[in-house]
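A.B. asks: The structure follows.
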Number of protein chains: 2
Amino acid sequence: MTRSIVAALLLATAASPVLAQAALPPIAVDPKVAALRDAALQDDYAWNITEGLTTEIGARLAGSPEEARARDWALAKLASMGFSNVHVETFRVHTGTRGTESAEILAPFPQKLVVNALGGSGHTGPEGVTGEVVAFDSVDALRLAPDSAVRGKIVFVDHRMPANQDGSGYGQFGAPRRQGPTIASQKGALAIVIRSIGTDHNRTPHTGIMTFADGAKPIPAGALSIPDAEQLNRILKRGKPVTLRLRLEGTYYTGTSGNVIAEVPGRDPSLPPVLVSGHLDSWDLGTGAIDDASGVAIATAAAKRIMDAGRPLRTIRVVWFGSEEPGLLGGEDYKTRHGKEPHYALIESDFGADKIYKVESRLGEARRDEARMIGAALAPLGIVTGDFDKADGSDIDPMLQDGAFGVALKQDGTRYFDLHHTSNDTLDKIDPEQLRQNVAAWTATLAVLSGRIEPEPKRHKRR
Amino acid sequence: MTRSIVAALLLATAASPVLAQAALPPIAVDPKVAALRDAALQDDYAWNITEGLTTEIGARLAGSPEEARARDWALAKLASMGFSNVHVETFRVHTGTRGTESAEILAPFPQKLVVNALGGSGHTGPEGVTGEVVAFDSVDALRLAPDSAVRGKIVFVDHRMPANQDGSGYGQFGAPRRQGPTIASQKGALAIVIRSIGTDHNRTPHTGIMTFADGAKPIPAGALSIPDAEQLNRILKRGKPVTLRLRLEGTYYTGTSGNVIAEVPGRDPSLPPVLVSGHLDSWDLGTGAIDDASGVAIATAAAKRIMDAGRPLRTIRVVWFGSEEPGLLGGEDYKTRHGKEPHYALIESDFGADKIYKVESRLGEARRDEARMIGAALAPLGIVTGDFDKADGSDIDPMLQDGAFGVALKQDGTRYFDLHHTSNDTLDKIDPEQLRQNVAAWTATLAVLSGRIEPEPKRHKRR
């Protein structure tokens, strides 16, 4: 044990960006950046946006009338806060309405289970589909099963997703949702239910998007809450055939979505803007508090705090993306329209509202000191500096994939997947103090990226 | 501060039964009782009953076909465990079936809220009822309101129920559920919704029984989940009239319920039995794990452990009461049939499966040493000895009210009202280690109460 710790420390000395920095000249944090950061620990802008959007709109499914109302709400809010160039860029999306949803074990132990359809699921009529359950503990186990074991049955895919601070696990353990329905369909299954992709023990299923691969016939695809998936497992373990009736009604239609955009104009409009963002749409089950009212709120509060302090060198562009949940459609639309324009940096908040614990960035070798400055400015908030060659985000991912510069202010995700895509994603899950820590980190980061802030030029009064 | 602590200690010395015991002769715990207690810390009987009942039956509403299946399950289980005189005593009850339930704010901020009907609620048709919401922060505030403020509206009653270890608060803060519907009806309200009587923040409403007073017309009565009640409060605070559409469909009918009874025969059948109990029925939303599969499991496991050790002096009667939830109907039926027969002591487990932290009893002055012996036997499990003139329980309450002897093994209720009467009352909420501590405490208590255990008389083999 001791030997491996020593070995790890030796490795860390060589590889860790933090320890490697010891060899570099020290960084002094600009006192103006520090002052903006510390003042943001009293922020109310982010809470007001989060509370307002979740209370006055509530759920706002991509492409729905509720998302359209949320865009109107956003336009009014951003204009009233004093942002410039407030506007919407619309696009069309495939969306739907949830209908009656139920799952009922008919034999051997009749009882109801709690289920919700996944986004993109096939639908049943009111009569539902009834079949024997065939269970797999992973998508790979389903993939390896002969078609004959699956054909005409209702597939159940289980897994054991762990809760981690960095949210890792969602990638790997999300496979039952993303790939399970297509594989089940290709093998001739009647329908599929998965253990919710989540880490809680509430009777609140986790929905989320899935897409059938080309040629795969859409079949009903639902998520059982985790207690219900465990119950189904216990029943299956009794060794008797289990018959399930699944009813996932609903309808699909084409609707309008859009990105809401606002700016803090920079002193030099010829310079590339800094883009700060979150997404406006949510799933339909909760009110989208952590996913992602708090994200647009954090980004907007930070931009507003810079605006309140004067005029930054570079323009700050605030984007509340639409239709993130069905597959980054707002991000794709933005990239189509603006992907060729240079951006100084892209940042997104889309992982709840718990404290930021790490900052990573990819600003290029030439801007290493700027990246280090951000790390130094955030350290007093308890934020560790991570890699200098990484950036991520959801809606900004299409542009990051193309090599755009970005910063990632990484939030603690330990309890994120307790709530993600469930009816439990509501305002009461937001901790106002941690939300403020987010705003402070974002404000400091934005103060560095947007360049020196100068007082607003005095306006001549009209006579 | 210090002075009041000293004063409290002085008072405690005089008044506390534990400290007062210092003046009484010491109690030596019977080594057989201690051995049975310690062995029970490895118990599996209680888990097996809890897991089996919640898995193979699930929800079992009083008077429903599911409760009938649960009685059959109980008869088979108790017989297979070796209990004697296993039988059911049936009675008729008013019961019902839940239908479509929804609550929707139509104005000023259209959105859905999560609601469930209370037991005994009036029903709406599929069209629901629509009205303006009038809010009160307590039942007393509703009571004081002029009828004109309520007539033709949908009443919303809020409250702030705290989570306490002893579960206090359910009495006081349960008033919106118990009295609210009658008062609202008498004042001419269209319907009533209450903030769920609970202490969690999940989108899982807490149902529970209510009864309209004589002459009060039944009106629809629902419980909003706590996040939804908070959301409605935020919306009301905007100061605009709030219009709600409430749909609580359902049907009532008369069904059969019953108490399941089994015994460990005592060596002297002329002595009054010790009655140990829990209740078999549950609400329909969850699987009734903490309310009250674990209760019947704890009582039964303790009785079984005594049976395994030999024959006690007194008969142990195990009762799995039916129809506790609609108002102690099983307890009333038992009292009608057996209330005149003497019982040595009554005990019930009906407050979840978290650890027992205190024992109280009311066994009469003449049996004070027996009560002290129970306290001494339980102390090593971290259980405090409380009052010697108190006993309580749900189904046994009608007989305790008449002066019957009883013991109360009080469970930690800190998180009980997070789950109580919700869909979240499922097996995963049971902590197997705390469940075992319950069984150990019950086994020790029962070993004292049932009297000296002797080996089973050898049976002559038939030739």
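Residues in the structure tokens are named by chain (A, B, ... in the order shown) and by number from 1 within that chain; ligands are numbered from 1 in the order shown.
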Got a sec to pull out which chain A residues are within 8 Å of chain B, counting only C-alpha atoms, and send them as a list in words?
C.D. replies: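 Here is what falls inside 8 Å: Thr55, Glu56, Ile57, Gly58, Ala59, Phe109, Pro110, Gln111, His201, Asn202, Arg203, Thr204, Pro227, Gln231, Arg234, Ile235, Ser423, Asn424, Thr426, Leu427 and Asp428 of chain A.
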A.B. asks: So that I have them on file, write out the residues from the current selection with N, CA, C and O atoms, as a PDB file, in the first residue's frame.
C.D. replies:
```pdb
ATOM      1  N   THR A  55     -40.964  27.723 -11.892  1.00  0.00           N
ATOM      2  CA  THR A  55     -42.278  28.008 -11.307  1.00  0.00           C
ATOM      3  C   THR A  55     -43.268  28.483 -12.366  1.00  0.00           C
ATOM      4  O   THR A  55     -44.410  28.033 -12.410  1.00  0.00           O
ATOM      5  N   GLU A  56     -42.829  29.415 -13.223  1.00  0.00           N
ATOM      6  CA  GLU A  56     -43.773  30.064 -14.136  1.00  0.00           C
ATOM      7  C   GLU A  56     -43.958  29.275 -15.424  1.00  0.00           C
ATOM      8  O   GLU A  56     -44.940  29.474 -16.136  1.00  0.00           O
ATOM      9  N   ILE A  57     -43.016  28.393 -15.725  1.00  0.00           N
ATOM     10  CA  ILE A  57     -43.158  27.525 -16.897  1.00  0.00           C
ATOM     11  C   ILE A  57     -43.259  26.062 -16.471  1.00  0.00           C
ATOM     12  O   ILE A  57     -44.148  25.345 -16.872  1.00  0.00           O
ATOM     13  N   GLY A  58     -42.364  25.615 -15.609  1.00  0.00           N
ATOM     14  CA  GLY A  58     -42.352  24.183 -15.253  1.00  0.00           C
ATOM     15  C   GLY A  58     -41.702  23.384 -16.370  1.00  0.00           C
ATOM     16  O   GLY A  58     -40.775  23.861 -17.030  1.00  0.00           O
ATOM     17  N   ALA A  59     -42.210  22.179 -16.600  1.00  0.00           N
ATOM     18  CA  ALA A  59     -41.631  21.306 -17.633  1.00  0.00           C
ATOM     19  C   ALA A  59     -41.708  21.985 -18.992  1.00  0.00           C
ATOM     20  O   ALA A  59     -42.661  22.723 -19.280  1.00  0.00           O
ATOM     21  N   PHE A 109     -47.078 -13.294  -9.828  1.00  0.00           N
ATOM     22  CA  PHE A 109     -47.483 -12.507  -8.655  1.00  0.00           C
ATOM     23  C   PHE A 109     -48.064 -11.193  -9.155  1.00  0.00           C
ATOM     24  O   PHE A 109     -47.339 -10.208  -9.310  1.00  0.00           O
ATOM     25  N   PRO A 110     -49.369 -11.132  -9.441  1.00  0.00           N
ATOM     26  CA  PRO A 110     -49.960  -9.955 -10.077  1.00  0.00           C
ATOM     27  C   PRO A 110     -49.715  -8.682  -9.269  1.00  0.00           C
ATOM     28  O   PRO A 110     -49.974  -8.655  -8.057  1.00  0.00           O
ATOM     29  N   GLN A 111     -49.196  -7.675  -9.929  1.00  0.00           N
ATOM     30  CA  GLN A 111     -48.974  -6.383  -9.274  1.00  0.00           C
ATOM     31  C   GLN A 111     -48.536  -5.373 -10.314  1.00  0.00           C
ATOM     32  O   GLN A 111     -48.076  -5.719 -11.386  1.00  0.00           O
ATOM     33  N   HIS A 201     -33.291   5.430  -5.197  1.00  0.00           N
ATOM     34  CA  HIS A 201     -34.246   4.367  -4.872  1.00  0.00           C
ATOM     35  C   HIS A 201     -35.643   4.938  -4.707  1.00  0.00           C
ATOM     36  O   HIS A 201     -36.335   4.656  -3.732  1.00  0.00           O
ATOM     37  N   ASN A 202     -36.045   5.764  -5.674  1.00  0.00           N
ATOM     38  CA  ASN A 202     -37.398   6.306  -5.666  1.00  0.00           C
ATOM     39  C   ASN A 202     -38.229   5.679  -6.778  1.00  0.00           C
ATOM     40  O   ASN A 202     -37.684   5.223  -7.777  1.00  0.00           O
ATOM     41  N   ARG A 203     -39.566   5.730  -6.578  1.00  0.00           N
ATOM     42  CA  ARG A 203     -40.468   5.147  -7.589  1.00  0.00           C
ATOM     43  C   ARG A 203     -40.670   6.171  -8.713  1.00  0.00           C
ATOM     44  O   ARG A 203     -41.805   6.429  -9.147  1.00  0.00           O
ATOM     45  N   THR A 204     -39.591   6.757  -9.181  1.00  0.00           N
ATOM     46  CA  THR A 204     -39.637   7.809 -10.190  1.00  0.00           C
ATOM     47  C   THR A 204     -38.711   7.393 -11.331  1.00  0.00           C
ATOM     48  O   THR A 204     -37.495   7.582 -11.242  1.00  0.00           O
ATOM     49  N   PRO A 227     -36.597   0.808  -7.766  1.00  0.00           N
ATOM     50  CA  PRO A 227     -37.257  -0.182  -6.904  1.00  0.00           C
ATOM     51  C   PRO A 227     -38.089  -1.192  -7.699  1.00  0.00           C
ATOM     52  O   PRO A 227     -38.172  -2.367  -7.315  1.00  0.00           O
ATOM     53  N   GLN A 231     -37.680  -5.189  -7.918  1.00  0.00           N
ATOM     54  CA  GLN A 231     -38.833  -6.061  -7.654  1.00  0.00           C
ATOM     55  C   GLN A 231     -38.971  -7.098  -8.770  1.00  0.00           C
ATOM     56  O   GLN A 231     -39.163  -8.286  -8.497  1.00  0.00           O
ATOM     57  N   ARG A 234     -36.455  -9.755  -8.287  1.00  0.00           N
ATOM     58  CA  ARG A 234     -36.787 -10.706  -7.220  1.00  0.00           C
ATOM     59  C   ARG A 234     -37.829 -11.707  -7.706  1.00  0.00           C
ATOM     60  O   ARG A 234     -37.766 -12.899  -7.405  1.00  0.00           O
ATOM     61  N   ILE A 235     -38.800 -11.188  -8.472  1.00  0.00           N
ATOM     62  CA  ILE A 235     -39.858 -12.078  -8.969  1.00  0.00           C
ATOM     63  C   ILE A 235     -39.278 -13.080  -9.966  1.00  0.00           C
ATOM     64  O   ILE A 235     -39.595 -14.269  -9.916  1.00  0.00           O
ATOM     65  N   SER A 423     -39.322  12.817 -12.473  1.00  0.00           N
ATOM     66  CA  SER A 423     -40.267  13.811 -11.950  1.00  0.00           C
ATOM     67  C   SER A 423     -39.686  14.532 -10.739  1.00  0.00           C
ATOM     68  O   SER A 423     -40.169  15.588 -10.355  1.00  0.00           O
ATOM     69  N   ASN A 424     -38.663  13.960 -10.138  1.00  0.00           N
ATOM     70  CA  ASN A 424     -38.046  14.564  -8.957  1.00  0.00           C
ATOM     71  C   ASN A 424     -37.092  15.710  -9.274  1.00  0.00           C
ATOM     72  O   ASN A 424     -36.519  16.305  -8.352  1.00  0.00           O
ATOM     73  N   THR A 426     -36.837  18.913  -9.467  1.00  0.00           N
ATOM     74  CA  THR A 426     -37.639  20.086  -9.100  1.00  0.00           C
ATOM     75  C   THR A 426     -36.795  21.048  -8.256  1.00  0.00           C
ATOM     76  O   THR A 426     -35.726  20.674  -7.768  1.00  0.00           O
ATOM     77  N   LEU A 427     -37.312  22.256  -8.087  1.00  0.00           N
ATOM     78  CA  LEU A 427     -36.539  23.340  -7.476  1.00  0.00           C
ATOM     79  C   LEU A 427     -35.980  23.011  -6.104  1.00  0.00           C
ATOM     80  O   LEU A 427     -34.875  23.451  -5.750  1.00  0.00           O
ATOM     81  N   ASP A 428     -36.751  22.249  -5.327  1.00  0.00           N
ATOM     82  CA  ASP A 428     -36.294  21.935  -3.965  1.00  0.00           C
ATOM     83  C   ASP A 428     -34.976  21.169  -3.942  1.00  0.00           C
ATOM     84  O   ASP A 428     -34.352  21.061  -2.885  1.00  0.00           O
TER      85      ASP A 428
END
```
A.B. asks: Find the residues near A:Thr97: any atom within 8 Å, counting only C-alpha atoms, skip ones fewer than 4 places away on the same chain, and give them as a PDB file with C-alpha atoms, in the first residue's frame.
C.D. replies:
```
ATOM      1  CA  GLY A 250     -48.481   8.575 -26.721  1.00  0.00           C
ATOM      2  CA  THR A 251     -48.320  10.520 -29.948  1.00  0.00           C
ATOM      3  CA  TYR A 252     -45.579  12.171 -31.975  1.00  0.00           C
TER       4      TYR A 252
END
```
A.B. asks: Please provide the set of residues having any atom within 10 Å of B:Asp200, restricted to only C-alpha atoms, with same-chain residues fewer than 4 positions apart removed, written as a PyMOL selection string.
C.D. replies: chain B and resi 162-163+196+204-206+225-227+415-420
A.B. asks: For stretch 145-158 of chain B, find every residue with an atom within 8 Å (counting only C-alpha atoms), except residues of its own chain fewer than 4 positions away, and show them as a PyMOL selection string.
C.D. replies: chain B and resi 130-139+141+176+180+184+187-195+229+244
A.B. asks: Could you turn the residues from that selection into a file that holds C-alpha atoms, as a compact mmCIF listing (two decimals), in the first residue's frame?
C.D. replies:
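Dumped everything to part22.txt:
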```txt
# COMPACT_ATOMS: atom_id res chain seq x y z
CA THR B 130 -62.18 23.10 -12.08
CA GLY B 131 -61.99 26.03 -9.70
CA GLU B 132 -59.95 28.82 -8.22
CA VAL B 133 -57.53 27.81 -5.48
CA VAL B 134 -57.91 29.32 -2.02
CA ALA B 135 -54.98 28.57 0.29
CA PHE B 136 -54.68 28.18 4.06
CA ASP B 137 -51.56 27.44 6.06
CA SER B 138 -53.39 25.32 8.62
CA VAL B 139 -56.71 23.66 9.28
CA ALA B 141 -56.99 29.05 9.30
CA PRO B 176 -55.28 18.75 7.13
CA GLY B 180 -59.61 19.39 6.27
CA ALA B 184 -63.90 22.36 3.34
CA LYS B 187 -67.99 25.53 3.84
CA GLY B 188 -69.09 24.65 0.31
CA ALA B 189 -65.71 23.97 -1.32
CA LEU B 190 -65.65 22.18 -4.68
CA ALA B 191 -62.70 20.04 -3.61
CA ILE B 192 -59.64 20.05 -1.38
CA VAL B 193 -55.95 19.33 -1.94
CA ILE B 194 -53.52 19.17 0.95
CA ARG B 195 -49.76 19.21 1.19
CA ALA B 229 -47.34 21.77 -2.75
CA LEU B 244 -56.79 24.21 -10.90
```
A.B. asks: Need the shell around A:Thr95: protein/DNA/RNA residues with any atom at most 8 Å away, counting only C-alpha atoms. Skip same-chain ones fewer than 3 positions apart. Format as a ChimeraX atom specification?
C.D. replies: /A:61-64,252-255
A.B. asks: Leaving out A:Phe173 and any residue of its chain fewer than 5 positions from it, which residues lie within 9 Å of it when counting only C-alpha atoms, given as number ranges by chain?
C.D. replies: A: 138, 159-162, 168, 197
A.B. asks: Please, what distance in Å, to one decimal, runs between atom CA of B:His338 and atom CA of B:Arg452?
C.D. replies: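 Going from atom CA of B:His338 over to atom CA of B:Arg452 covers 25.3 Å.
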A.B. asks: Could you pull out the residues in stretch 26-185 of chain B that DSSP calls helix (DSSP H, G or I) from the backbone, as a VMD selection string?
C.D. replies: chain B and resid 31 to 42 45 to 56 65 to 80 139 to 144 147 to 150 170 to 173 175 to 178 180 to 185
A.B. asks: Just the residues within 10 Å of B:Ile261, please, counting only C-alpha atoms, with nothing from its chain fewer than 3 positions along; format it as a PDB file with C-alpha atoms, in the first residue's frame.
C.D. replies:
```pdb
ATOM      1  CA  ALA B  74     -49.901 -15.665   5.416  1.00  0.00           C
ATOM      2  CA  LEU B  75     -51.773 -18.893   6.227  1.00  0.00           C
ATOM      3  CA  LEU B  78     -47.364 -19.444   9.208  1.00  0.00           C
ATOM      4  CA  PHE B  83     -47.255 -22.382  14.137  1.00  0.00           C
ATOM      5  CA  SER B  84     -50.414 -23.944  15.594  1.00  0.00           C
ATOM      6  CA  ASN B  85     -54.056 -22.982  15.283  1.00  0.00           C
ATOM      7  CA  VAL B  86     -53.435 -21.003  12.072  1.00  0.00           C
ATOM      8  CA  HIS B  87     -56.709 -19.458  10.918  1.00  0.00           C
ATOM      9  CA  VAL B  88     -58.476 -16.354   9.636  1.00  0.00           C
ATOM     10  CA  GLU B  89     -61.278 -14.353  11.217  1.00  0.00           C
ATOM     11  CA  GLY B 258     -59.730 -10.489   7.982  1.00  0.00           C
ATOM     12  CA  LEU B 275     -50.360 -11.158  21.781  1.00  0.00           C
ATOM     13  CA  SER B 277     -48.846  -8.276  16.093  1.00  0.00           C
ATOM     14  CA  ARG B 317     -50.659 -15.472  19.832  1.00  0.00           C
ATOM     15  CA  VAL B 318     -49.450 -13.915  16.580  1.00  0.00           C
ATOM     16  CA  VAL B 319     -51.976 -11.646  14.847  1.00  0.00           C
ATOM     17  CA  TRP B 320     -51.557 -10.175  11.369  1.00  0.00           C
ATOM     18  CA  PHE B 321     -54.377  -7.646  11.499  1.00  0.00           C
TER      19      PHE B 321
END
```
A.B. asks: By how many Å are atom CA of B:Ala40 and atom CA of B:Val448 apart?
C.D. replies: 14.7 Å
A.B. asks: Identify, with DSSP run on backbone atoms, the residues in stretch 195-244 of chain A assigned to strand (DSSP E), and express the list as JSON, numbers by chain.
C.D. replies: {"A": [195, 221, 222, 223, 224, 243, 244]}
A.B. asks: Pick the closest to A:Gly122 from A:Pro181, A:Pro220, A:Pro25, A:Gly331: which is it, counting only C-alpha atoms?
C.D. replies: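 For A:Gly122, the nearest of the candidates is A:Pro220.
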A.B. asks: Work out how far apart atom CA of A:Arg368 and atom CA of A:Val296 are and give it in Å to one decimal.
C.D. replies: 27.4 Å
A.B. asks: Between A:Ala379, A:Ile298, A:Ile316, A:Leu328, which has the minimum distance to A:Asp354 (counting only C-alpha atoms)?
C.D. replies: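 Looking only at the distances to A:Asp354, the closest residue turns out to be A:Ile298.
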